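Here the structure comes first, spelled out in structure tokens, and everything after it is commentary.
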Amino acid sequence: MRAVAITMVAGALLAGSAQAQDKPRPEIGIRGGFAHYKAAGESFSVLVTPGSQLASPAVIHLTYFATPRIALEPQLGFIRSSGAGTTVSVLSLGGQVMGFLREADHSPYAFVLAGMDRQTGIVDDNQYGVGAGIGYRTILREALAVRLEGRFRRITDDGSHVDEIAALVGFGAVMGKGEAAPGSDRAIEVGFRSGVTRFSFPGSDLKFTTVSVPEGAISPAMVHATFIVAPHLAVEPQLSFARYGDSDGTSQSVVALGGQVMGLLQSPEHSPYGFLYGDLIHANNDGGTGSDGDTRHSLGGGLGYRMVVHRSLALRLEGRYRKIYDDGDNVNEVGLFVGIGAMIGR
């Protein structure tokens, strides 16, 4: 697969340099999907929604077209958690070079990729990965980029290695003029968040803080769809799923369903808003001989500001408080988030 991918990228480089087309618009987005890992006779698999962690931290990608058929895609993921005198962080830096066979708005492509994960805290460690793959990318309503990707990657760590085979789904907001009409009741936003959260436990001095890009260091990373149901009202369902299983039959899964109702003070195109929030999260651990499940829920609310740029890119800044209820053990969360979404019509 790697040789085929390199050949396709090289061919697209030659074809792209000979054309005088306008370059496609940049994209910012996230990935998820299925990945299988194998090392030293052991294996495990991961299935997650976009924005959640595979074996490496989840990353945000920025797809920039150097030519009409060649894209450069830097990728960044970051998680930092501190509390009780301990700080743990993981930084993921990577990227891929993509060669498209035809116009990039609707085209198969091949790519090569490389990256590094840097972990500090309890354990200091570096991991490096290189690989290649093929995919297909399409643009919906001139605003939402959707892709399917298959890749092989080898991850090395102090002389040992892990092989990854993955089938991924990605989506992103295309920056530039789109088709949706902001401010109307036909606008839908599909997006994700990043942010910083502060957790405290009533009756205890324990507190800890997390920073995550994209969101999801503690609670699952939520993908949201914002429906503008009236000029000053939006309903936003949110979803996340992650499942981890290994070769000895044990598995862990987390499914999260949430949402918020948003009251907009002005036009949805540029407006402050208030919202009420709620979610339900179920985690299950299956040890092969039996399973153990846990369900918790949370309620909260907050304030934010939302704006639409060039008709297709929705940006928001959001502050939130929520109380998490888990078998009588309550946790208070205060968070500040940045949201990015693609505006599409319906």
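As shown in the structure tokens, the chain order sets the letters A, B, ...; within each chain, residues go from 1, and ligands are also counted from 1 in the order they appear.
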
### Message
Could you go through segment 53-106 of chain A and tell me which residues DSSP, when run on the backbone, assigns to strand (DSSP E), listing them as a VMD selection string?
### Response
chain A and resid 60 to 67 70 to 83 86 to 100 106

Kindly export the residues of the current selection with N, CA and C atoms, as a CSV table (one decimal), in the first residue's frame.
```csv
chain,number,residue,atom,x,y,z
A,60,ILE,N,-6.7,17.5,15.7
A,60,ILE,CA,-7.4,18.4,14.8
A,60,ILE,C,-6.5,18.6,13.6
A,61,HIS,N,-7.1,18.5,12.4
A,61,HIS,CA,-6.3,18.6,11.2
A,61,HIS,C,-6.7,19.9,10.4
A,62,LEU,N,-5.7,20.5,9.8
A,62,LEU,CA,-5.9,21.7,8.9
A,62,LEU,C,-5.3,21.3,7.5
A,63,THR,N,-6.3,21.2,6.6
A,63,THR,CA,-5.9,20.8,5.2
A,63,THR,C,-5.7,22.1,4.4
A,64,TYR,N,-4.5,22.2,3.9
A,64,TYR,CA,-4.1,23.4,3.1
A,64,TYR,C,-3.7,22.9,1.7
A,65,PHE,N,-4.2,23.5,0.7
A,65,PHE,CA,-3.9,23.1,-0.7
A,65,PHE,C,-2.8,23.9,-1.2
A,66,ALA,N,-1.6,23.3,-1.5
A,66,ALA,CA,-0.5,24.0,-2.1
A,66,ALA,C,-0.7,24.2,-3.6
A,67,THR,N,-1.4,23.2,-4.2
A,67,THR,CA,-1.8,23.3,-5.6
A,67,THR,C,-3.2,22.7,-5.7
A,70,ILE,N,-2.6,18.9,-4.7
A,70,ILE,CA,-1.7,18.6,-3.6
A,70,ILE,C,-2.1,19.3,-2.3
A,71,ALA,N,-2.3,18.6,-1.2
A,71,ALA,CA,-2.6,19.2,0.0
A,71,ALA,C,-1.6,18.8,1.1
A,72,LEU,N,-1.3,19.8,1.9
A,72,LEU,CA,-0.5,19.6,3.1
A,72,LEU,C,-1.4,19.7,4.3
A,73,GLU,N,-1.3,18.7,5.3
A,73,GLU,CA,-2.2,18.7,6.4
A,73,GLU,C,-1.5,18.5,7.7
A,74,PRO,N,-1.1,19.6,8.4
A,74,PRO,CA,-0.6,19.5,9.7
A,74,PRO,C,-1.7,19.1,10.7
A,75,GLN,N,-1.3,18.3,11.7
A,75,GLN,CA,-2.3,17.7,12.7
A,75,GLN,C,-1.7,18.0,14.1
A,76,LEU,N,-2.7,18.3,15.0
A,76,LEU,CA,-2.3,18.7,16.4
A,76,LEU,C,-3.3,18.1,17.4
A,77,GLY,N,-2.8,17.5,18.4
A,77,GLY,CA,-3.6,17.0,19.5
A,77,GLY,C,-2.9,17.3,20.8
A,78,PHE,N,-3.6,17.7,21.9
A,78,PHE,CA,-3.0,18.0,23.1
A,78,PHE,C,-3.9,17.7,24.3
A,79,ILE,N,-3.4,17.0,25.3
A,79,ILE,CA,-4.1,16.7,26.5
A,79,ILE,C,-3.2,17.1,27.7
A,80,ARG,N,-3.7,17.8,28.7
A,80,ARG,CA,-2.9,18.1,29.9
A,80,ARG,C,-3.9,18.1,31.1
A,81,SER,N,-3.5,17.3,32.1
A,81,SER,CA,-4.3,17.2,33.3
A,81,SER,C,-3.4,17.4,34.5
A,82,SER,N,-3.8,18.3,35.4
A,82,SER,CA,-3.0,18.6,36.6
A,82,SER,C,-3.9,18.6,37.8
A,83,GLY,N,-3.4,18.1,38.9
A,83,GLY,CA,-4.1,18.0,40.2
A,83,GLY,C,-3.4,17.2,41.2
A,86,THR,N,0.3,16.5,40.7
A,86,THR,CA,0.8,15.7,39.5
A,86,THR,C,0.3,16.4,38.2
A,87,THR,N,1.1,16.4,37.3
A,87,THR,CA,0.7,16.9,35.9
A,87,THR,C,1.1,15.9,34.9
A,88,VAL,N,0.2,15.5,34.0
A,88,VAL,CA,0.4,14.6,32.9
A,88,VAL,C,0.0,15.3,31.7
A,89,SER,N,0.8,15.2,30.6
A,89,SER,CA,0.5,15.8,29.3
A,89,SER,C,0.9,14.9,28.2
A,90,VAL,N,0.1,15.0,27.1
A,90,VAL,CA,0.5,14.3,25.9
A,90,VAL,C,0.3,15.2,24.7
A,91,LEU,N,1.4,15.4,24.0
A,91,LEU,CA,1.3,16.3,22.8
A,91,LEU,C,1.5,15.4,21.6
A,92,SER,N,0.6,15.6,20.6
A,92,SER,CA,0.7,14.8,19.4
A,92,SER,C,0.9,15.8,18.2
A,93,LEU,N,2.0,15.7,17.5
A,93,LEU,CA,2.3,16.5,16.3
A,93,LEU,C,2.5,15.6,15.1
A,94,GLY,N,1.8,15.9,14.0
A,94,GLY,CA,2.0,15.1,12.8
A,94,GLY,C,1.5,15.8,11.6
A,95,GLY,N,1.4,15.1,10.5
A,95,GLY,CA,0.9,15.6,9.3
A,95,GLY,C,0.9,14.6,8.2
A,96,GLN,N,0.3,14.9,7.1
A,96,GLN,CA,0.3,14.1,5.9
A,96,GLN,C,0.3,14.9,4.7
A,97,VAL,N,0.9,14.4,3.6
A,97,VAL,CA,0.9,15.0,2.3
A,97,VAL,C,-0.1,14.2,1.4
A,98,MET,N,-1.0,14.8,0.8
A,98,MET,CA,-2.1,14.2,0.1
A,98,MET,C,-2.1,14.5,-1.4
A,99,GLY,N,-2.1,13.5,-2.3
A,99,GLY,CA,-2.2,13.7,-3.7
A,99,GLY,C,-3.5,13.3,-4.2
A,100,PHE,N,-4.3,14.2,-4.9
A,100,PHE,CA,-5.6,13.9,-5.4
A,100,PHE,C,-5.6,13.6,-6.9
A,106,HIS,N,-14.2,16.5,-4.9
A,106,HIS,CA,-14.8,15.2,-5.0
A,106,HIS,C,-13.7,14.3,-5.7
```

### Message
At a cut-off of 8 Å, using only C-alpha atoms, what residues contact Tyr109 of chain A? Leave out same-chain residues fewer than 4 positions from it and give the result as a list in words.
### Response
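Within the cut-off, the hits are Met8, Val9, Met98, Gly99, Phe100, Leu101, Ile134, Gly135, Tyr136 and Arg137 of chain A.
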
Please write the residues from the selection above to a file, keeping N, CA, C and O atoms, as a compact mmCIF listing (two decimals), in the first residue's frame.
```
# COMPACT_ATOMS: atom_id res chain seq x y z
N MET A 8 1.06 7.42 -6.34
CA MET A 8 -0.09 8.27 -6.62
C MET A 8 0.19 9.72 -6.23
O MET A 8 -0.18 10.65 -6.94
N VAL A 9 0.87 9.92 -5.11
CA VAL A 9 1.21 11.28 -4.69
C VAL A 9 2.14 11.93 -5.71
O VAL A 9 1.95 13.09 -6.10
N MET A 98 -1.02 14.85 0.79
CA MET A 98 -2.11 14.18 0.07
C MET A 98 -2.06 14.54 -1.41
O MET A 98 -1.96 15.72 -1.76
N GLY A 99 -2.12 13.53 -2.25
CA GLY A 99 -2.16 13.74 -3.69
C GLY A 99 -3.51 13.30 -4.24
O GLY A 99 -3.91 12.14 -4.09
N PHE A 100 -4.25 14.20 -4.87
CA PHE A 100 -5.61 13.94 -5.38
C PHE A 100 -5.56 13.61 -6.86
O PHE A 100 -4.82 14.23 -7.64
N LEU A 101 -6.40 12.66 -7.27
CA LEU A 101 -6.41 12.23 -8.67
C LEU A 101 -7.15 13.20 -9.57
O LEU A 101 -6.91 13.25 -10.77
N ILE A 134 -4.86 5.47 1.51
CA ILE A 134 -5.69 6.01 0.44
C ILE A 134 -7.02 6.46 1.04
O ILE A 134 -7.42 6.01 2.11
N GLY A 135 -7.72 7.36 0.33
CA GLY A 135 -8.98 7.85 0.84
C GLY A 135 -9.83 8.46 -0.24
O GLY A 135 -9.45 8.51 -1.42
N TYR A 136 -11.00 8.94 0.17
CA TYR A 136 -11.90 9.67 -0.73
C TYR A 136 -12.48 10.84 0.03
O TYR A 136 -12.92 10.69 1.18
N ARG A 137 -12.50 12.01 -0.58
CA ARG A 137 -12.97 13.25 0.06
C ARG A 137 -14.04 13.90 -0.82
O ARG A 137 -13.89 13.98 -2.04
```

### Query
Which polymer residues have any atom within 9 Å of an atom of Ala166 of chain A, counting only C-alpha atoms, with same-chain residues fewer than 6 positions away left out, as number ranges by chain?
A: 33-37, 149-153

Kindly export the residues of the current selection with all heavy atoms, as an mmCIF file, in the first residue's frame.
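Listed below is the output, part-v1.cif:
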```
data_model
loop_
_atom_site.group_PDB
_atom_site.id
_atom_site.type_symbol
_atom_site.label_atom_id
_atom_site.label_comp_id
_atom_site.auth_asym_id
_atom_site.auth_seq_id
_atom_site.Cartn_x
_atom_site.Cartn_y
_atom_site.Cartn_z
ATOM 1 N N GLY A 33 -13.021 6.532 13.908
ATOM 2 C CA GLY A 33 -13.190 5.318 13.130
ATOM 3 C C GLY A 33 -12.691 4.093 13.852
ATOM 4 O O GLY A 33 -12.652 4.035 15.086
ATOM 5 N N PHE A 34 -12.255 3.102 13.073
ATOM 6 C CA PHE A 34 -11.801 1.820 13.603
ATOM 7 C C PHE A 34 -10.315 1.661 13.348
ATOM 8 O O PHE A 34 -9.820 1.958 12.252
ATOM 9 C CB PHE A 34 -12.561 0.673 12.947
ATOM 10 C CG PHE A 34 -12.040 -0.683 13.338
ATOM 11 C CD1 PHE A 34 -12.409 -1.267 14.543
ATOM 12 C CD2 PHE A 34 -11.160 -1.375 12.511
ATOM 13 C CE1 PHE A 34 -11.927 -2.517 14.914
ATOM 14 C CE2 PHE A 34 -10.670 -2.625 12.873
ATOM 15 C CZ PHE A 34 -11.056 -3.193 14.077
ATOM 16 N N ALA A 35 -9.587 1.158 14.357
ATOM 17 C CA ALA A 35 -8.165 0.883 14.212
ATOM 18 C C ALA A 35 -7.830 -0.410 14.933
ATOM 19 O O ALA A 35 -8.334 -0.676 16.026
ATOM 20 C CB ALA A 35 -7.321 2.032 14.757
ATOM 21 N N HIS A 36 -6.976 -1.208 14.315
ATOM 22 C CA HIS A 36 -6.504 -2.470 14.895
ATOM 23 C C HIS A 36 -4.997 -2.381 15.055
ATOM 24 O O HIS A 36 -4.271 -2.005 14.131
ATOM 25 C CB HIS A 36 -6.866 -3.645 13.993
ATOM 26 C CG HIS A 36 -6.440 -4.973 14.554
ATOM 27 N ND1 HIS A 36 -7.088 -5.583 15.604
ATOM 28 C CD2 HIS A 36 -5.409 -5.792 14.209
ATOM 29 C CE1 HIS A 36 -6.501 -6.729 15.879
ATOM 30 N NE2 HIS A 36 -5.480 -6.878 15.054
ATOM 31 N N TYR A 37 -4.510 -2.743 16.258
ATOM 32 C CA TYR A 37 -3.095 -2.636 16.579
ATOM 33 C C TYR A 37 -2.549 -4.019 16.930
ATOM 34 O O TYR A 37 -3.212 -4.808 17.610
ATOM 35 C CB TYR A 37 -2.879 -1.689 17.762
ATOM 36 C CG TYR A 37 -3.378 -0.288 17.497
ATOM 37 C CD1 TYR A 37 -4.702 0.061 17.769
ATOM 38 C CD2 TYR A 37 -2.540 0.679 16.959
ATOM 39 C CE1 TYR A 37 -5.165 1.336 17.521
ATOM 40 C CE2 TYR A 37 -2.990 1.954 16.709
ATOM 41 C CZ TYR A 37 -4.308 2.278 16.983
ATOM 42 O OH TYR A 37 -4.769 3.549 16.731
ATOM 43 N N GLU A 149 -10.979 7.146 4.934
ATOM 44 C CA GLU A 149 -9.547 6.905 4.810
ATOM 45 C C GLU A 149 -9.189 5.516 5.302
ATOM 46 O O GLU A 149 -9.683 5.075 6.344
ATOM 47 C CB GLU A 149 -8.767 7.921 5.661
ATOM 48 C CG GLU A 149 -8.161 9.049 4.892
ATOM 49 C CD GLU A 149 -7.382 10.007 5.778
ATOM 50 O OE1 GLU A 149 -7.029 9.659 6.918
ATOM 51 O OE2 GLU A 149 -7.114 11.118 5.303
ATOM 52 N N GLY A 150 -8.318 4.852 4.571
ATOM 53 C CA GLY A 150 -7.693 3.625 5.042
ATOM 54 C C GLY A 150 -6.189 3.834 5.110
ATOM 55 O O GLY A 150 -5.595 4.404 4.188
ATOM 56 N N ARG A 151 -5.565 3.401 6.212
ATOM 57 C CA ARG A 151 -4.137 3.653 6.343
ATOM 58 C C ARG A 151 -3.431 2.526 7.084
ATOM 59 O O ARG A 151 -4.039 1.796 7.874
ATOM 60 C CB ARG A 151 -3.872 4.975 7.068
ATOM 61 C CG ARG A 151 -4.029 4.915 8.582
ATOM 62 C CD ARG A 151 -3.817 6.268 9.240
ATOM 63 N NE ARG A 151 -3.896 6.173 10.697
ATOM 64 C CZ ARG A 151 -4.082 7.219 11.502
ATOM 65 N NH1 ARG A 151 -4.222 8.431 10.987
ATOM 66 N NH2 ARG A 151 -4.131 7.044 12.812
ATOM 67 N N PHE A 152 -2.134 2.411 6.811
ATOM 68 C CA PHE A 152 -1.225 1.580 7.595
ATOM 69 C C PHE A 152 -0.203 2.507 8.235
ATOM 70 O O PHE A 152 0.319 3.422 7.598
ATOM 71 C CB PHE A 152 -0.502 0.554 6.726
ATOM 72 C CG PHE A 152 0.615 -0.139 7.466
ATOM 73 C CD1 PHE A 152 0.346 -1.197 8.309
ATOM 74 C CD2 PHE A 152 1.931 0.304 7.332
ATOM 75 C CE1 PHE A 152 1.375 -1.825 9.019
ATOM 76 C CE2 PHE A 152 2.965 -0.316 8.027
ATOM 77 C CZ PHE A 152 2.678 -1.381 8.874
ATOM 78 N N ARG A 153 0.100 2.247 9.524
ATOM 79 C CA ARG A 153 1.076 3.074 10.238
ATOM 80 C C ARG A 153 1.897 2.188 11.158
ATOM 81 O O ARG A 153 1.352 1.293 11.811
ATOM 82 C CB ARG A 153 0.347 4.158 11.037
ATOM 83 C CG ARG A 153 1.250 5.145 11.751
ATOM 84 C CD ARG A 153 0.451 6.327 12.293
ATOM 85 N NE ARG A 153 -0.543 5.937 13.258
ATOM 86 C CZ ARG A 153 -0.744 6.571 14.426
ATOM 87 N NH1 ARG A 153 0.006 7.613 14.746
ATOM 88 N NH2 ARG A 153 -1.683 6.162 15.243
#
```

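The smallest atom-to-atom distance between Leu265 of chain A and any of A:His232, A:Arg102, A:Arg141, A:His161, using only C-alpha atoms, is found for A:His232.
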
### Message
Taking only C-alpha atoms into account, name the residue in A:Leu264, A:Ile122, A:Ala187, A:Thr209 that is nearest to Ala143 of chain A.
### Response
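Smallest distance to Ala143 of chain A is found for A:Ala187.
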
### Task
Measuring atom to atom with only C-alpha atoms, identify which of A:Ile165, A:Val235, A:Val190, A:Val309 is nearest to Glu269 of chain A.
A:Val309

### Query
Hey, which of A:Pro50, A:Pro272, A:Pro24, A:Gly249 ends up closest to Ala167 of chain A? Count only C-alpha atoms.
A:Pro50

### Message
Applying 12 Å and only C-alpha atoms, which residues near Gly328 of chain A remain after dropping the ones on its own chain fewer than 2 positions away? List them as a list of chain:residue names.
### Response
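Neighbouring residues, sequence-local ones excluded: A:Phe201, A:Pro202, A:Thr295, A:Arg296, A:His297, A:Lys323, A:Ile324, A:Tyr325, A:Asp326, A:Asn330, A:Val331.
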
Can you write just those residues out, N, CA and C atoms, as an mmCIF file, in the first residue's frame?
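Final output, saved to again16.cif:
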```cif
data_model
loop_
_atom_site.group_PDB
_atom_site.id
_atom_site.type_symbol
_atom_site.label_atom_id
_atom_site.label_comp_id
_atom_site.auth_asym_id
_atom_site.auth_seq_id
_atom_site.Cartn_x
_atom_site.Cartn_y
_atom_site.Cartn_z
ATOM 1 N N PHE A 201 -14.447 18.616 43.835
ATOM 2 C CA PHE A 201 -15.241 17.597 44.505
ATOM 3 C C PHE A 201 -15.738 18.159 45.838
ATOM 4 N N PRO A 202 -17.068 18.328 45.996
ATOM 5 C CA PRO A 202 -17.605 18.871 47.249
ATOM 6 C C PRO A 202 -17.163 18.039 48.457
ATOM 7 N N THR A 295 -23.380 4.246 35.057
ATOM 8 C CA THR A 295 -24.075 5.309 34.349
ATOM 9 C C THR A 295 -24.057 6.571 35.199
ATOM 10 N N ARG A 296 -23.747 7.675 34.581
ATOM 11 C CA ARG A 296 -23.798 8.953 35.282
ATOM 12 C C ARG A 296 -24.459 9.988 34.370
ATOM 13 N N HIS A 297 -24.934 11.049 34.978
ATOM 14 C CA HIS A 297 -25.543 12.110 34.197
ATOM 15 C C HIS A 297 -25.101 13.454 34.753
ATOM 16 N N LYS A 323 -22.963 20.094 36.873
ATOM 17 C CA LYS A 323 -22.767 19.198 38.005
ATOM 18 C C LYS A 323 -22.936 17.773 37.510
ATOM 19 N N ILE A 324 -21.938 16.948 37.800
ATOM 20 C CA ILE A 324 -21.931 15.564 37.357
ATOM 21 C C ILE A 324 -22.365 14.686 38.526
ATOM 22 N N TYR A 325 -23.381 13.858 38.301
ATOM 23 C CA TYR A 325 -23.935 12.977 39.338
ATOM 24 C C TYR A 325 -23.544 11.540 39.030
ATOM 25 N N ASP A 326 -22.904 10.875 40.011
ATOM 26 C CA ASP A 326 -22.429 9.504 39.801
ATOM 27 C C ASP A 326 -22.546 8.725 41.114
ATOM 28 N N ASN A 330 -20.836 13.622 43.669
ATOM 29 C CA ASN A 330 -21.029 14.725 42.741
ATOM 30 C C ASN A 330 -19.709 15.420 42.432
ATOM 31 N N VAL A 331 -19.603 15.908 41.205
ATOM 32 C CA VAL A 331 -18.417 16.636 40.763
ATOM 33 C C VAL A 331 -18.882 17.933 40.110
#
```

Write out as a compact mmCIF listing (two decimals) with N, CA, C and O atoms, in the first residue's frame each polymer residue whose atoms come within 8 Å of Gly245 of chain A, counting only C-alpha atoms; drop sequence neighbours fewer than 2 positions from it.
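File written: selection_29.txt
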```txt
# COMPACT_ATOMS: atom_id res chain seq x y z
N PHE A 44 -5.01 -5.31 19.91
CA PHE A 44 -6.21 -4.68 20.44
C PHE A 44 -6.81 -3.79 19.37
O PHE A 44 -6.16 -3.43 18.39
N SER A 45 -8.10 -3.46 19.55
CA SER A 45 -8.84 -2.69 18.57
C SER A 45 -9.54 -1.52 19.25
O SER A 45 -9.88 -1.58 20.43
N VAL A 46 -9.78 -0.47 18.46
CA VAL A 46 -10.42 0.74 18.95
C VAL A 46 -11.47 1.17 17.94
O VAL A 46 -11.21 1.16 16.73
N ARG A 243 -14.98 2.48 22.01
CA ARG A 243 -14.87 1.09 22.46
C ARG A 243 -13.44 0.62 22.27
O ARG A 243 -12.85 0.80 21.20
N SER A 247 -6.95 -8.68 22.72
CA SER A 247 -6.97 -10.06 22.24
C SER A 247 -7.35 -11.06 23.32
O SER A 247 -7.67 -12.21 23.01
N GLY A 249 -9.96 -10.83 25.21
CA GLY A 249 -11.41 -10.81 25.38
C GLY A 249 -11.95 -9.72 26.27
O GLY A 249 -13.16 -9.62 26.47
N THR A 250 -11.10 -8.89 26.83
CA THR A 250 -11.58 -7.79 27.67
C THR A 250 -11.87 -6.57 26.79
O THR A 250 -11.23 -6.36 25.75
N SER A 251 -12.81 -5.76 27.22
CA SER A 251 -13.17 -4.57 26.47
C SER A 251 -13.74 -3.51 27.40
O SER A 251 -14.25 -3.83 28.48
N GLN A 252 -13.66 -2.28 26.98
CA GLN A 252 -14.27 -1.15 27.66
C GLN A 252 -14.97 -0.29 26.62
O GLN A 252 -14.44 -0.09 25.51
```

### Query
Using only C-alpha atoms, which residues sit within 10 Å of Gly29 of chain A once same-chain residues fewer than 4 positions away are excluded, as a list in words?
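The filter keeps Pro50, Gly51, Val59, Ile60, His61, Leu62, Thr63, Gln75, Leu144, Ala145, Val146, Gly170, Phe171, Gly172, Ala173, Val174, Gly191, Phe192, Pro214, Ile340, Gly341 and Ala342 of chain A.
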
Residue selection dump (all heavy atoms) as a compact mmCIF listing (two decimals), in the first residue's frame:
```txt
# COMPACT_ATOMS: atom_id res chain seq x y z
N PRO A 50 -15.61 10.58 15.63
CA PRO A 50 -14.59 11.60 15.37
C PRO A 50 -14.34 12.49 16.58
O PRO A 50 -15.25 12.89 17.29
CB PRO A 50 -15.20 12.41 14.22
CG PRO A 50 -16.06 11.42 13.49
CD PRO A 50 -16.65 10.55 14.58
N GLY A 51 -13.05 12.78 16.81
CA GLY A 51 -12.66 13.63 17.92
C GLY A 51 -12.23 12.87 19.15
O GLY A 51 -11.65 13.45 20.07
N VAL A 59 -6.64 14.25 17.16
CA VAL A 59 -5.98 15.42 16.58
C VAL A 59 -6.99 16.25 15.80
O VAL A 59 -7.99 15.74 15.29
CB VAL A 59 -4.81 15.03 15.65
CG1 VAL A 59 -3.70 14.36 16.44
CG2 VAL A 59 -5.28 14.14 14.50
N ILE A 60 -6.72 17.53 15.72
CA ILE A 60 -7.38 18.43 14.79
C ILE A 60 -6.49 18.56 13.56
O ILE A 60 -5.27 18.71 13.69
CB ILE A 60 -7.62 19.80 15.43
CG1 ILE A 60 -8.67 19.71 16.55
CG2 ILE A 60 -8.06 20.83 14.40
CD1 ILE A 60 -8.89 21.01 17.28
N HIS A 61 -7.08 18.48 12.38
CA HIS A 61 -6.28 18.65 11.16
C HIS A 61 -6.65 19.94 10.44
O HIS A 61 -7.80 20.39 10.49
CB HIS A 61 -6.44 17.44 10.22
CG HIS A 61 -7.83 17.26 9.67
ND1 HIS A 61 -8.69 16.28 10.13
CD2 HIS A 61 -8.50 17.90 8.68
CE1 HIS A 61 -9.83 16.34 9.46
NE2 HIS A 61 -9.74 17.33 8.57
N LEU A 62 -5.66 20.52 9.78
CA LEU A 62 -5.86 21.69 8.92
C LEU A 62 -5.35 21.34 7.54
O LEU A 62 -4.15 21.15 7.34
CB LEU A 62 -5.11 22.90 9.48
CG LEU A 62 -5.14 24.17 8.61
CD1 LEU A 62 -6.58 24.68 8.45
CD2 LEU A 62 -4.26 25.26 9.20
N THR A 63 -6.26 21.22 6.59
CA THR A 63 -5.91 20.81 5.24
C THR A 63 -5.71 22.05 4.37
O THR A 63 -6.66 22.82 4.14
CB THR A 63 -7.01 19.93 4.63
OG1 THR A 63 -7.37 18.90 5.55
CG2 THR A 63 -6.54 19.31 3.32
N GLN A 75 -1.31 18.31 11.73
CA GLN A 75 -2.25 17.74 12.70
C GLN A 75 -1.73 17.99 14.11
O GLN A 75 -0.54 17.86 14.38
CB GLN A 75 -2.43 16.24 12.45
CG GLN A 75 -2.95 15.91 11.06
CD GLN A 75 -2.85 14.44 10.72
OE1 GLN A 75 -2.43 13.62 11.54
NE2 GLN A 75 -3.25 14.07 9.51
N LEU A 144 -19.22 21.45 4.21
CA LEU A 144 -18.85 20.32 5.07
C LEU A 144 -18.01 19.33 4.27
O LEU A 144 -18.49 18.72 3.31
CB LEU A 144 -20.10 19.63 5.61
CG LEU A 144 -19.86 18.43 6.53
CD1 LEU A 144 -19.16 18.86 7.81
CD2 LEU A 144 -21.18 17.74 6.86
N ALA A 145 -16.75 19.15 4.67
CA ALA A 145 -15.87 18.18 4.04
C ALA A 145 -16.00 16.85 4.76
O ALA A 145 -15.89 16.79 5.99
CB ALA A 145 -14.42 18.66 4.09
N VAL A 146 -16.24 15.79 4.01
CA VAL A 146 -16.37 14.44 4.56
C VAL A 146 -15.36 13.55 3.85
O VAL A 146 -15.22 13.62 2.62
CB VAL A 146 -17.80 13.89 4.38
CG1 VAL A 146 -17.90 12.48 4.93
CG2 VAL A 146 -18.82 14.81 5.06
N GLY A 170 -13.65 11.16 8.60
CA GLY A 170 -13.33 12.50 9.03
C GLY A 170 -14.34 13.50 8.51
O GLY A 170 -14.98 13.28 7.48
N PHE A 171 -14.51 14.58 9.25
CA PHE A 171 -15.31 15.69 8.73
C PHE A 171 -14.67 17.00 9.15
O PHE A 171 -13.93 17.05 10.14
CB PHE A 171 -16.77 15.61 9.18
CG PHE A 171 -17.02 16.05 10.60
CD1 PHE A 171 -17.26 17.37 10.91
CD2 PHE A 171 -17.03 15.12 11.62
CE1 PHE A 171 -17.49 17.77 12.22
CE2 PHE A 171 -17.26 15.50 12.94
CZ PHE A 171 -17.49 16.83 13.24
N GLY A 172 -14.94 18.05 8.37
CA GLY A 172 -14.34 19.33 8.68
C GLY A 172 -15.12 20.47 8.07
O GLY A 172 -15.93 20.28 7.15
N ALA A 173 -14.87 21.65 8.58
CA ALA A 173 -15.47 22.88 8.07
C ALA A 173 -14.56 23.45 6.99
O ALA A 173 -13.36 23.62 7.20
CB ALA A 173 -15.66 23.88 9.19
N VAL A 174 -15.14 23.71 5.83
CA VAL A 174 -14.39 24.31 4.72
C VAL A 174 -14.47 25.82 4.87
O VAL A 174 -15.56 26.39 4.96
CB VAL A 174 -14.96 23.87 3.37
CG1 VAL A 174 -14.21 24.55 2.23
CG2 VAL A 174 -14.87 22.36 3.23
N GLY A 191 -20.17 20.29 14.19
CA GLY A 191 -18.86 20.70 14.66
C GLY A 191 -18.38 20.00 15.91
O GLY A 191 -18.92 18.96 16.32
N PHE A 192 -17.37 20.59 16.53
CA PHE A 192 -16.70 20.01 17.69
C PHE A 192 -16.12 21.14 18.54
O PHE A 192 -16.11 22.30 18.13
CB PHE A 192 -15.59 19.04 17.27
CG PHE A 192 -14.52 19.69 16.42
CD1 PHE A 192 -13.35 20.18 16.99
CD2 PHE A 192 -14.68 19.81 15.04
CE1 PHE A 192 -12.37 20.77 16.22
CE2 PHE A 192 -13.71 20.41 14.26
CZ PHE A 192 -12.55 20.89 14.85
N PRO A 214 -8.65 18.06 20.45
CA PRO A 214 -10.00 18.54 20.73
C PRO A 214 -10.47 18.11 22.12
O PRO A 214 -9.77 17.40 22.83
CB PRO A 214 -10.83 17.88 19.64
CG PRO A 214 -10.09 16.62 19.32
CD PRO A 214 -8.64 16.97 19.48
N ILE A 340 -15.85 24.91 16.74
CA ILE A 340 -15.69 25.11 15.30
C ILE A 340 -16.70 24.21 14.60
O ILE A 340 -16.84 23.03 14.95
CB ILE A 340 -14.27 24.75 14.84
CG1 ILE A 340 -13.25 25.65 15.53
CG2 ILE A 340 -14.15 24.85 13.33
CD1 ILE A 340 -11.81 25.26 15.24
N GLY A 341 -17.41 24.75 13.61
CA GLY A 341 -18.41 23.94 12.91
C GLY A 341 -18.57 24.38 11.47
O GLY A 341 -18.22 25.50 11.08
N ALA A 342 -19.14 23.48 10.67
CA ALA A 342 -19.46 23.76 9.28
C ALA A 342 -20.94 24.07 9.16
O ALA A 342 -21.78 23.37 9.72
CB ALA A 342 -19.10 22.57 8.40
```

### Task
Just the residues within 9 Å of Leu317 of chain A, please, counting only C-alpha atoms, with nothing from its chain fewer than 4 positions along; format it as a list in words.
Leu303, Gly304, Tyr305, Arg306, Leu336, Phe337, Val338 and Gly339 of chain A
